[in-house]
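J.: Here you go, my_file-v2.cif (mmCIF, C-alpha atoms):
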data_work
#
loop_
_atom_site.group_PDB
_atom_site.id
_atom_site.type_symbol
_atom_site.label_atom_id
_atom_site.label_comp_id
_atom_site.auth_asym_id
_atom_site.auth_seq_id
_atom_site.Cartn_x
_atom_site.Cartn_y
_atom_site.Cartn_z
ATOM 1 C CA MET A 1 18.914 -24.524 -57.363
ATOM 2 C CA LYS A 2 19.612 -26.449 -54.202
ATOM 3 C CA ALA A 3 21.796 -23.623 -52.845
ATOM 4 C CA LYS A 4 19.073 -21.067 -53.585
ATOM 5 C CA GLY A 5 16.536 -23.232 -51.743
ATOM 6 C CA VAL A 6 18.780 -23.400 -48.685
ATOM 7 C CA VAL A 7 19.244 -19.624 -48.690
ATOM 8 C CA HIS A 8 15.505 -19.094 -49.102
ATOM 9 C CA LEU A 9 14.812 -21.421 -46.158
ATOM 10 C CA GLN A 10 17.333 -19.576 -44.004
ATOM 11 C CA VAL A 11 15.688 -16.236 -44.801
ATOM 12 C CA ILE A 12 12.227 -17.554 -43.887
ATOM 13 C CA THR A 13 13.578 -19.132 -40.686
ATOM 14 C CA GLY A 14 15.294 -15.894 -39.670
ATOM 15 C CA PHE A 15 12.142 -13.894 -40.373
ATOM 16 C CA CYS A 16 10.027 -16.255 -38.245
ATOM 17 C CA LEU A 17 12.546 -16.096 -35.409
ATOM 18 C CA SER A 18 12.460 -12.290 -35.536
ATOM 19 C CA ILE A 19 8.670 -12.290 -35.226
ATOM 20 C CA LEU A 20 8.830 -14.768 -32.341
ATOM 21 C CA MET A 21 11.447 -12.707 -30.499
ATOM 22 C CA GLY A 22 9.358 -9.587 -30.996
ATOM 23 C CA MET A 23 6.310 -11.287 -29.502
ATOM 24 C CA LEU A 24 8.314 -12.467 -26.494
ATOM 25 C CA MET A 25 9.752 -8.994 -25.957
ATOM 26 C CA ALA A 26 6.276 -7.479 -26.173
ATOM 27 C CA GLU A 27 5.048 -9.844 -23.470
ATOM 28 C CA ASN A 28 7.899 -8.726 -21.221
ATOM 29 C CA VAL A 29 7.374 -5.039 -21.943
ATOM 30 C CA LEU A 30 3.629 -5.018 -21.317
ATOM 31 C CA ALA A 31 2.886 -5.564 -17.631
ATOM 32 C CA LYS A 32 -0.644 -6.020 -16.388
ATOM 33 C CA GLU A 33 -1.708 -3.688 -13.620
ATOM 34 C CA ASN A 34 -4.462 -4.036 -11.055
ATOM 35 C CA TRP A 35 -5.960 -1.060 -9.259
ATOM 36 C CA TYR A 36 -6.642 -1.158 -5.520
ATOM 37 C CA HIS A 37 -8.460 0.806 -2.856
ATOM 38 C CA PHE A 38 -6.049 1.201 0.087
ATOM 39 C CA GLU A 39 -7.355 2.366 3.452
ATOM 40 C CA ILE A 40 -5.571 2.739 6.766
ATOM 41 C CA ILE A 41 -6.307 3.715 10.363
ATOM 42 C CA VAL A 42 -3.501 4.361 12.846
ATOM 43 C CA PHE A 43 -4.449 4.812 16.489
ATOM 44 C CA GLU A 44 -2.825 5.180 19.880
ATOM 45 C CA GLN A 45 -3.818 2.678 22.546
ATOM 46 C CA ASP A 46 -3.324 2.550 26.294
ATOM 47 C CA ARG A 47 -2.504 -1.036 27.132
ATOM 48 C CA VAL A 48 -0.246 -2.428 29.843
ATOM 49 C CA ASN A 49 2.453 -4.721 28.486
ATOM 50 C CA SER A 50 5.674 -5.966 30.063
ATOM 51 C CA GLU A 51 7.544 -6.177 26.740
ATOM 52 C CA GLN A 52 9.719 -3.285 25.626
ATOM 53 C CA PHE A 53 9.500 -2.011 22.041
ATOM 54 C CA GLU A 54 11.089 1.396 22.453
ATOM 55 C CA ALA A 55 14.134 3.402 21.425
ATOM 56 C CA LYS A 56 15.542 6.813 22.303
ATOM 57 C CA SER A 57 15.914 7.885 18.666
ATOM 58 C CA THR A 58 14.076 7.253 15.421
ATOM 59 C CA THR A 59 14.702 3.818 13.903
ATOM 60 C CA ILE A 60 12.251 3.725 10.991
ATOM 61 C CA ARG A 61 13.782 3.468 7.522
ATOM 62 C CA LEU A 62 11.591 5.344 5.092
ATOM 63 C CA PRO A 63 12.108 4.461 1.417
ATOM 64 C CA ARG A 64 14.265 6.879 -0.551
ATOM 65 C CA ARG A 65 11.745 7.034 -3.362
ATOM 66 C CA LYS A 66 8.365 7.686 -1.786
ATOM 67 C CA PHE A 67 5.131 9.218 -3.006
ATOM 68 C CA ASP A 68 2.566 11.609 -1.547
ATOM 69 C CA LEU A 69 -1.193 11.454 -1.789
ATOM 70 C CA THR A 70 -3.083 14.134 -3.677
ATOM 71 C CA ARG A 71 -4.206 17.058 -1.544
ATOM 72 C CA THR A 72 -7.603 16.982 -3.212
ATOM 73 C CA ALA A 73 -9.973 14.137 -2.347
ATOM 74 C CA TYR A 74 -11.916 12.658 -5.264
ATOM 75 C CA PRO A 75 -15.173 10.673 -5.498
ATOM 76 C CA LYS A 76 -14.474 6.994 -6.026
ATOM 77 C CA SER A 77 -17.120 6.813 -8.767
ATOM 78 C CA LEU A 78 -15.156 9.366 -10.805
ATOM 79 C CA LEU A 79 -11.823 7.611 -10.268
ATOM 80 C CA LEU A 80 -13.243 4.284 -11.453
ATOM 81 C CA ILE A 81 -13.742 5.954 -14.848
ATOM 82 C CA ASN A 82 -10.559 8.021 -14.872
ATOM 83 C CA PRO A 83 -8.091 6.542 -12.328
ATOM 84 C CA ILE A 84 -5.379 8.764 -10.855
ATOM 85 C CA GLN A 85 -2.358 7.370 -9.047
ATOM 86 C CA PHE A 86 -2.205 8.130 -5.301
ATOM 87 C CA SER A 87 -5.572 9.900 -5.409
ATOM 88 C CA ARG A 88 -7.107 10.481 -1.991
ATOM 89 C CA LEU A 89 -10.706 9.273 -1.652
ATOM 90 C CA ASN A 90 -13.663 11.250 -0.370
ATOM 91 C CA ARG A 91 -14.794 10.526 3.163
ATOM 92 C CA ASP A 92 -18.072 9.117 1.832
ATOM 93 C CA ASP A 93 -16.077 6.334 0.128
ATOM 94 C CA LEU A 94 -14.236 5.140 3.251
ATOM 95 C CA GLN A 95 -14.865 1.493 4.119
ATOM 96 C CA LEU A 96 -13.601 1.653 7.721
ATOM 97 C CA ASP A 97 -15.681 4.600 8.906
ATOM 98 C CA SER A 98 -17.642 2.467 11.403
ATOM 99 C CA VAL A 99 -14.343 1.140 12.832
ATOM 100 C CA TYR A 100 -13.049 4.695 13.168
ATOM 101 C CA ARG A 101 -16.201 5.824 15.004
ATOM 102 C CA HIS A 102 -15.931 2.826 17.344
ATOM 103 C CA LEU A 103 -12.358 3.790 18.253
ATOM 104 C CA MET A 104 -13.427 7.387 18.848
ATOM 105 C CA ARG A 105 -15.994 6.239 21.415
ATOM 106 C CA ARG A 106 -13.502 4.174 23.429
ATOM 107 C CA LYS A 107 -11.347 5.924 26.027
ATOM 108 C CA ALA A 108 -8.501 3.446 25.576
ATOM 109 C CA TYR A 109 -8.012 4.416 21.912
ATOM 110 C CA LYS A 110 -7.163 7.636 20.098
ATOM 111 C CA PRO A 111 -7.317 7.606 16.270
ATOM 112 C CA LEU A 112 -4.428 9.510 14.688
ATOM 113 C CA ILE A 113 -4.762 8.766 10.958
ATOM 114 C CA HIS A 114 -7.651 7.662 8.768
ATOM 115 C CA THR A 115 -7.192 7.978 5.025
ATOM 116 C CA ALA A 116 -7.782 6.046 1.803
ATOM 117 C CA TRP A 117 -6.440 6.244 -1.731
ATOM 118 C CA MET A 118 -6.313 4.492 -5.114
ATOM 119 C CA GLN A 119 -3.128 3.012 -6.520
ATOM 120 C CA SER A 120 -2.160 0.479 -9.177
ATOM 121 C CA VAL A 121 0.250 -2.426 -8.658
ATOM 122 C CA LYS A 122 1.941 -4.371 -11.446
ATOM 123 C CA SER A 123 1.984 -8.152 -11.465
ATOM 124 C CA ASP A 124 4.919 -9.796 -9.652
ATOM 125 C CA SER A 125 6.001 -6.538 -8.025
ATOM 126 C CA SER A 126 5.445 -4.341 -4.974
ATOM 127 C CA SER A 127 3.346 -1.208 -4.786
ATOM 128 C CA LYS A 128 5.146 2.113 -4.704
ATOM 129 C CA PRO A 129 5.435 3.261 -1.075
ATOM 130 C CA VAL A 130 3.096 6.042 0.022
ATOM 131 C CA VAL A 131 4.179 7.674 3.286
ATOM 132 C CA VAL A 132 1.352 8.817 5.563
ATOM 133 C CA SER A 133 1.844 10.716 8.790
ATOM 134 C CA ALA A 134 0.247 12.695 11.594
ATOM 135 C CA PRO A 135 2.856 15.347 12.429
ATOM 136 C CA PHE A 136 3.303 16.997 15.809
ATOM 137 C CA SER A 137 0.721 19.663 16.667
ATOM 138 C CA MET A 138 -1.123 21.085 19.657
ATOM 139 C CA ARG A 139 -3.963 18.625 19.038
ATOM 140 C CA ASN A 140 -1.571 15.752 18.370
ATOM 141 C CA PRO A 141 1.445 15.751 20.727
ATOM 142 C CA HIS A 142 2.398 12.197 19.667
ATOM 143 C CA PRO A 143 3.478 12.180 15.995
ATOM 144 C CA VAL A 144 3.379 9.031 13.880
ATOM 145 C CA GLN A 145 4.645 8.246 10.385
ATOM 146 C CA GLY A 146 5.077 5.217 8.175
ATOM 147 C CA TYR A 147 4.000 3.403 5.026
ATOM 148 C CA ILE A 148 2.435 0.200 3.718
ATOM 149 C CA THR A 149 3.489 -1.842 0.697
ATOM 150 C CA LEU A 150 1.431 -4.463 -1.138
ATOM 151 C CA GLN A 151 3.568 -7.248 -2.609
ATOM 152 C CA ARG A 152 1.725 -8.845 -5.515
ATOM 153 C CA GLY A 153 2.872 -12.343 -6.468
ATOM 154 C CA TYR A 154 1.220 -15.763 -6.366
ATOM 155 C CA TYR A 155 -0.135 -14.571 -3.012
ATOM 156 C CA LEU A 156 -0.646 -11.058 -1.682
ATOM 157 C CA HIS A 157 1.537 -9.876 1.185
ATOM 158 C CA LEU A 158 1.249 -6.594 3.048
ATOM 159 C CA LYS A 159 4.247 -4.924 4.671
ATOM 160 C CA VAL A 160 3.497 -2.361 7.389
ATOM 161 C CA GLN A 161 6.161 -0.137 8.921
ATOM 162 C CA PHE A 162 5.211 2.701 11.272
ATOM 163 C CA GLU A 163 6.891 4.632 14.039
ATOM 164 C CA PHE A 164 5.069 6.297 16.925
ATOM 165 C CA GLU A 165 6.705 8.885 19.187
ATOM 166 C CA LYS A 166 5.550 9.570 22.729
ATOM 167 C CA GLU A 167 7.378 11.737 25.258
ATOM 168 C CA GLY A 168 10.680 11.443 23.425
ATOM 169 C CA VAL A 169 10.470 7.654 23.081
ATOM 170 C CA PHE A 170 10.096 5.999 19.656
ATOM 171 C CA TYR A 171 8.087 2.814 19.113
ATOM 172 C CA LEU A 172 8.539 0.867 15.872
ATOM 173 C CA MET A 173 6.143 -1.520 14.136
ATOM 174 C CA ASP A 174 7.608 -3.594 11.286
ATOM 175 C CA GLN A 175 5.382 -6.486 10.189
ATOM 176 C CA ARG A 176 4.650 -8.472 7.036
ATOM 177 C CA ARG A 177 1.866 -10.978 6.469
ATOM 178 C CA ARG A 178 -0.177 -12.681 3.792
ATOM 179 C CA ILE A 179 -3.590 -11.082 3.297
ATOM 180 C CA ARG A 180 -6.882 -11.559 1.509
ATOM 181 C CA LEU A 181 -8.588 -8.764 -0.352
ATOM 182 C CA SER A 182 -11.715 -6.981 0.922
ATOM 183 C CA GLU A 183 -10.952 -7.952 4.522
ATOM 184 C CA THR A 184 -9.913 -5.880 7.546
ATOM 185 C CA HIS A 185 -6.397 -6.594 8.822
ATOM 186 C CA TYR A 186 -5.160 -5.533 12.261
ATOM 187 C CA PHE A 187 -1.467 -5.048 13.062
ATOM 188 C CA ASP A 188 -0.864 -4.920 16.797
ATOM 189 C CA HIS A 189 1.635 -3.134 19.040
ATOM 190 C CA PRO A 190 1.408 -2.434 22.797
ATOM 191 C CA VAL A 191 1.417 1.348 22.247
ATOM 192 C CA PHE A 192 -0.394 1.803 18.930
ATOM 193 C CA GLY A 193 -2.234 -0.170 16.271
ATOM 194 C CA VAL A 194 -2.698 -0.138 12.496
ATOM 195 C CA ILE A 195 -5.823 -1.305 10.642
ATOM 196 C CA VAL A 196 -5.594 -1.832 6.876
ATOM 197 C CA TYR A 197 -8.201 -2.591 4.231
ATOM 198 C CA VAL A 198 -7.289 -3.429 0.607
ATOM 199 C CA GLU A 199 -9.862 -3.937 -2.139
ATOM 200 C CA ARG A 200 -9.274 -4.728 -5.810
ATOM 201 C CA LEU A 201 -11.141 -2.420 -8.182
ATOM 202 C CA ALA A 202 -12.766 -3.199 -11.520
ATOM 203 C CA ILE A 203 -10.156 -1.273 -13.512
ATOM 204 C CA LYS A 204 -7.662 -2.889 -15.872
ATOM 205 C CA THR A 205 -4.790 -1.051 -17.502
ATOM 206 C CA THR A 206 -1.644 -2.102 -19.328
ATOM 207 C CA THR A 207 1.531 -0.119 -18.764
ATOM 208 C CA ILE A 208 4.879 -0.249 -20.554
ATOM 209 C CA THR A 209 7.596 -1.188 -18.067
ATOM 210 C CA GLN A 210 10.924 0.591 -17.983
#
Please re-express this file's structure in structure tokens.

T.:
Amino acid sequence: MKAKGVVHLQVITGFCLSILMGMLMAENVLAKENWYHFEIIVFEQDRVNSEQFEAKSTTIRLPRRKFDLTRTAYPKSLLLINPIQFSRLNRDDLQLDSVYRHLMRRKAYKPLIHTAWMQSVKSDSSSKPVVVSAPFSMRNPHPVQGYITLQRGYYLHLKVQFEFEKEGVFYLMDQRRRIRLSETHYFDHPVFGVIVYVERLAIKTTTITQ
């Protein structure tokens, strides 16, 4: 009888441990995601500076695995109900439109990029890089390309890396700083500037990690 009791106890203990391990694995598999409104303005600026930040060839290191924004722009109200990764937002939903118009009115500045999109970021991870660019054209003789990455941990950090080309010379911006949500953040360079706005949206999803 005593031996049977020991075996029975071992079976119950093993069963409880299996349930506990399953719960722990489920917590690791399910990762909470937050959705964000990302918005960026990149502009050329004419400012005298004695420092040199130039190179004769491209030096930016774009991520191997990068993502493109949707060609179609969607209303933000629709995306709050049915979110789509890397979905470009309608112009009516841009938060930095007044900043963009201010830059347009100033002779010392020339806006090159102004776009916004929605994207989710898992807890304790970095957002997937979305490359944005203004390629060479007759209206834009000075191409620019780059990406931003939101690093979500105990604090939020934003990494900005862009490269601006002018008359065969390449200028690189590579900065990282801690940010607060729903605020405008300016990243400075003598030749061009980057303005970023990040807002958390009232959308909560749970995704199975790989």

J.: What would the selection look like, as an MDAnalysis selection string, if the PyMOL selection byres ((chain A and resi 121-129) around 8) were run on the coordinates I just shared?

T.: chainID A and resid 31:36 63 65:67 119:120 130:131 147:154

J.: Nearest to Gly193 of chain A among A:Pro143, A:Gly168, A:Pro111, A:Pro135, with distances taken over only C-alpha atoms: which residue is it?

T.: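 Once distances to Gly193 of chain A are computed over only C-alpha atoms, the minimum belongs to A:Pro111.
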
J.: Find the distance between atom CA of Arg88 of chain A and atom CA of Ile195 of chain A and write it in Å to one decimal.

T.: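 That distance, rounded to one decimal, is 17.3 Å.
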
J.: Between A:Arg139, A:His37, A:His189, A:Lys159, which is the closest to Leu80 of chain A once you count all atoms listed in the file?

T.: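 Answer, going by the shortest atom-to-atom distance: A:His37.
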
J.: For Lys166 of chain A, which residue out of A:His142, A:His102, A:Arg178, A:His185 is the nearest one, using all atoms listed in the file?

T.: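 Using all atoms listed in the file, the shortest distance to Lys166 of chain A belongs to A:His142.
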
J.: Please evaluate the PyMOL selection byres ((chain A and resi 196) around 12) against the structure above and give the resulting residues as a PDB file with C-alpha atoms, in the frame of the given file.

T.:
ATOM      1  CA  HIS A  37      -8.460   0.806  -2.856  1.00  0.00           C
ATOM      2  CA  PHE A  38      -6.049   1.201   0.087  1.00  0.00           C
ATOM      3  CA  GLU A  39      -7.355   2.366   3.452  1.00  0.00           C
ATOM      4  CA  ILE A  40      -5.571   2.739   6.766  1.00  0.00           C
ATOM      5  CA  ILE A  41      -6.307   3.715  10.363  1.00  0.00           C
ATOM      6  CA  VAL A  42      -3.501   4.361  12.846  1.00  0.00           C
ATOM      7  CA  PHE A  43      -4.449   4.812  16.489  1.00  0.00           C
ATOM      8  CA  LEU A  94     -14.236   5.140   3.251  1.00  0.00           C
ATOM      9  CA  GLN A  95     -14.865   1.493   4.119  1.00  0.00           C
ATOM     10  CA  LEU A  96     -13.601   1.653   7.721  1.00  0.00           C
ATOM     11  CA  VAL A  99     -14.343   1.140  12.832  1.00  0.00           C
ATOM     12  CA  TYR A 100     -13.049   4.695  13.168  1.00  0.00           C
ATOM     13  CA  ILE A 113      -4.762   8.766  10.958  1.00  0.00           C
ATOM     14  CA  HIS A 114      -7.651   7.662   8.768  1.00  0.00           C
ATOM     15  CA  THR A 115      -7.192   7.978   5.025  1.00  0.00           C
ATOM     16  CA  ALA A 116      -7.782   6.046   1.803  1.00  0.00           C
ATOM     17  CA  TRP A 117      -6.440   6.244  -1.731  1.00  0.00           C
ATOM     18  CA  TYR A 147       4.000   3.403   5.026  1.00  0.00           C
ATOM     19  CA  ILE A 148       2.435   0.200   3.718  1.00  0.00           C
ATOM     20  CA  THR A 149       3.489  -1.842   0.697  1.00  0.00           C
ATOM     21  CA  LEU A 150       1.431  -4.463  -1.138  1.00  0.00           C
ATOM     22  CA  LEU A 158       1.249  -6.594   3.048  1.00  0.00           C
ATOM     23  CA  LYS A 159       4.247  -4.924   4.671  1.00  0.00           C
ATOM     24  CA  VAL A 160       3.497  -2.361   7.389  1.00  0.00           C
ATOM     25  CA  ARG A 177       1.866 -10.978   6.469  1.00  0.00           C
ATOM     26  CA  ILE A 179      -3.590 -11.082   3.297  1.00  0.00           C
ATOM     27  CA  ARG A 180      -6.882 -11.559   1.509  1.00  0.00           C
ATOM     28  CA  LEU A 181      -8.588  -8.764  -0.352  1.00  0.00           C
ATOM     29  CA  SER A 182     -11.715  -6.981   0.922  1.00  0.00           C
ATOM     30  CA  GLU A 183     -10.952  -7.952   4.522  1.00  0.00           C
ATOM     31  CA  THR A 184      -9.913  -5.880   7.546  1.00  0.00           C
ATOM     32  CA  HIS A 185      -6.397  -6.594   8.822  1.00  0.00           C
ATOM     33  CA  TYR A 186      -5.160  -5.533  12.261  1.00  0.00           C
ATOM     34  CA  PHE A 187      -1.467  -5.048  13.062  1.00  0.00           C
ATOM     35  CA  ASP A 188      -0.864  -4.920  16.797  1.00  0.00           C
ATOM     36  CA  GLY A 193      -2.234  -0.170  16.271  1.00  0.00           C
ATOM     37  CA  VAL A 194      -2.698  -0.138  12.496  1.00  0.00           C
ATOM     38  CA  ILE A 195      -5.823  -1.305  10.642  1.00  0.00           C
ATOM     39  CA  TYR A 197      -8.201  -2.591   4.231  1.00  0.00           C
ATOM     40  CA  VAL A 198      -7.289  -3.429   0.607  1.00  0.00           C
ATOM     41  CA  GLU A 199      -9.862  -3.937  -2.139  1.00  0.00           C
TER      42      GLU A 199
END

J.: The centre and edge lengths of an axis-aligned box containing all atoms of segment 129-145 of chain A present in the file, extended by 5 Å on each side, are to be given in Å to one decimal, as lines of an AutoDock Vina configuration file.

T.:
center_x = 0.7
center_y = 12.2
center_z = 9.8
size_x = 19.4
size_y = 27.8
size_z = 31.8

J.: To one decimal place, how far is atom CA of Ala108 of chain A from atom CA of Met173 of chain A in Å?

T.: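 Between atom CA of Ala108 of chain A and atom CA of Met173 of chain A the gap is 19.2 Å.
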
J.: So, with only C-alpha atoms as the atoms that count, which of A:Ser77, A:Gln45, A:Thr59, A:Ser98 lies closest to Glu163 of chain A?

T.: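 Under the stated criterion, the closest residue is A:Thr59.
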
J.: Would you mind telling me which residue in A:Phe164, A:Ala202, A:Gly146, A:Phe192 lies nearest to Arg61 of chain A when using only C-alpha atoms?

T.: A:Gly146

J.: Evaluated on this file, the PyMOL selection byres ((chain A and resi 171) around 8) picks out some residues - which ones are they, written as a list in words?

T.: Phe53, Glu54, Ala55, Glu163, Phe164, Glu165, Val169, Phe170, Leu172, Met173 and Val191 of chain A

J.: Please determine, counting only C-alpha atoms, which residue among A:Ser137, A:Thr70, A:Asn90, A:Gln161 has the shortest atom-to-atom distance to Gln175 of chain A.

T.: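 Using only C-alpha atoms, the shortest distance to Gln175 of chain A belongs to A:Gln161.
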
J.: Report the distance between atom CA of Gln85 of chain A and atom CA of Val144 of chain A in Å, rounded to one decimal place.

T.: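 Between atom CA of Gln85 of chain A and atom CA of Val144 of chain A the gap is 23.7 Å.
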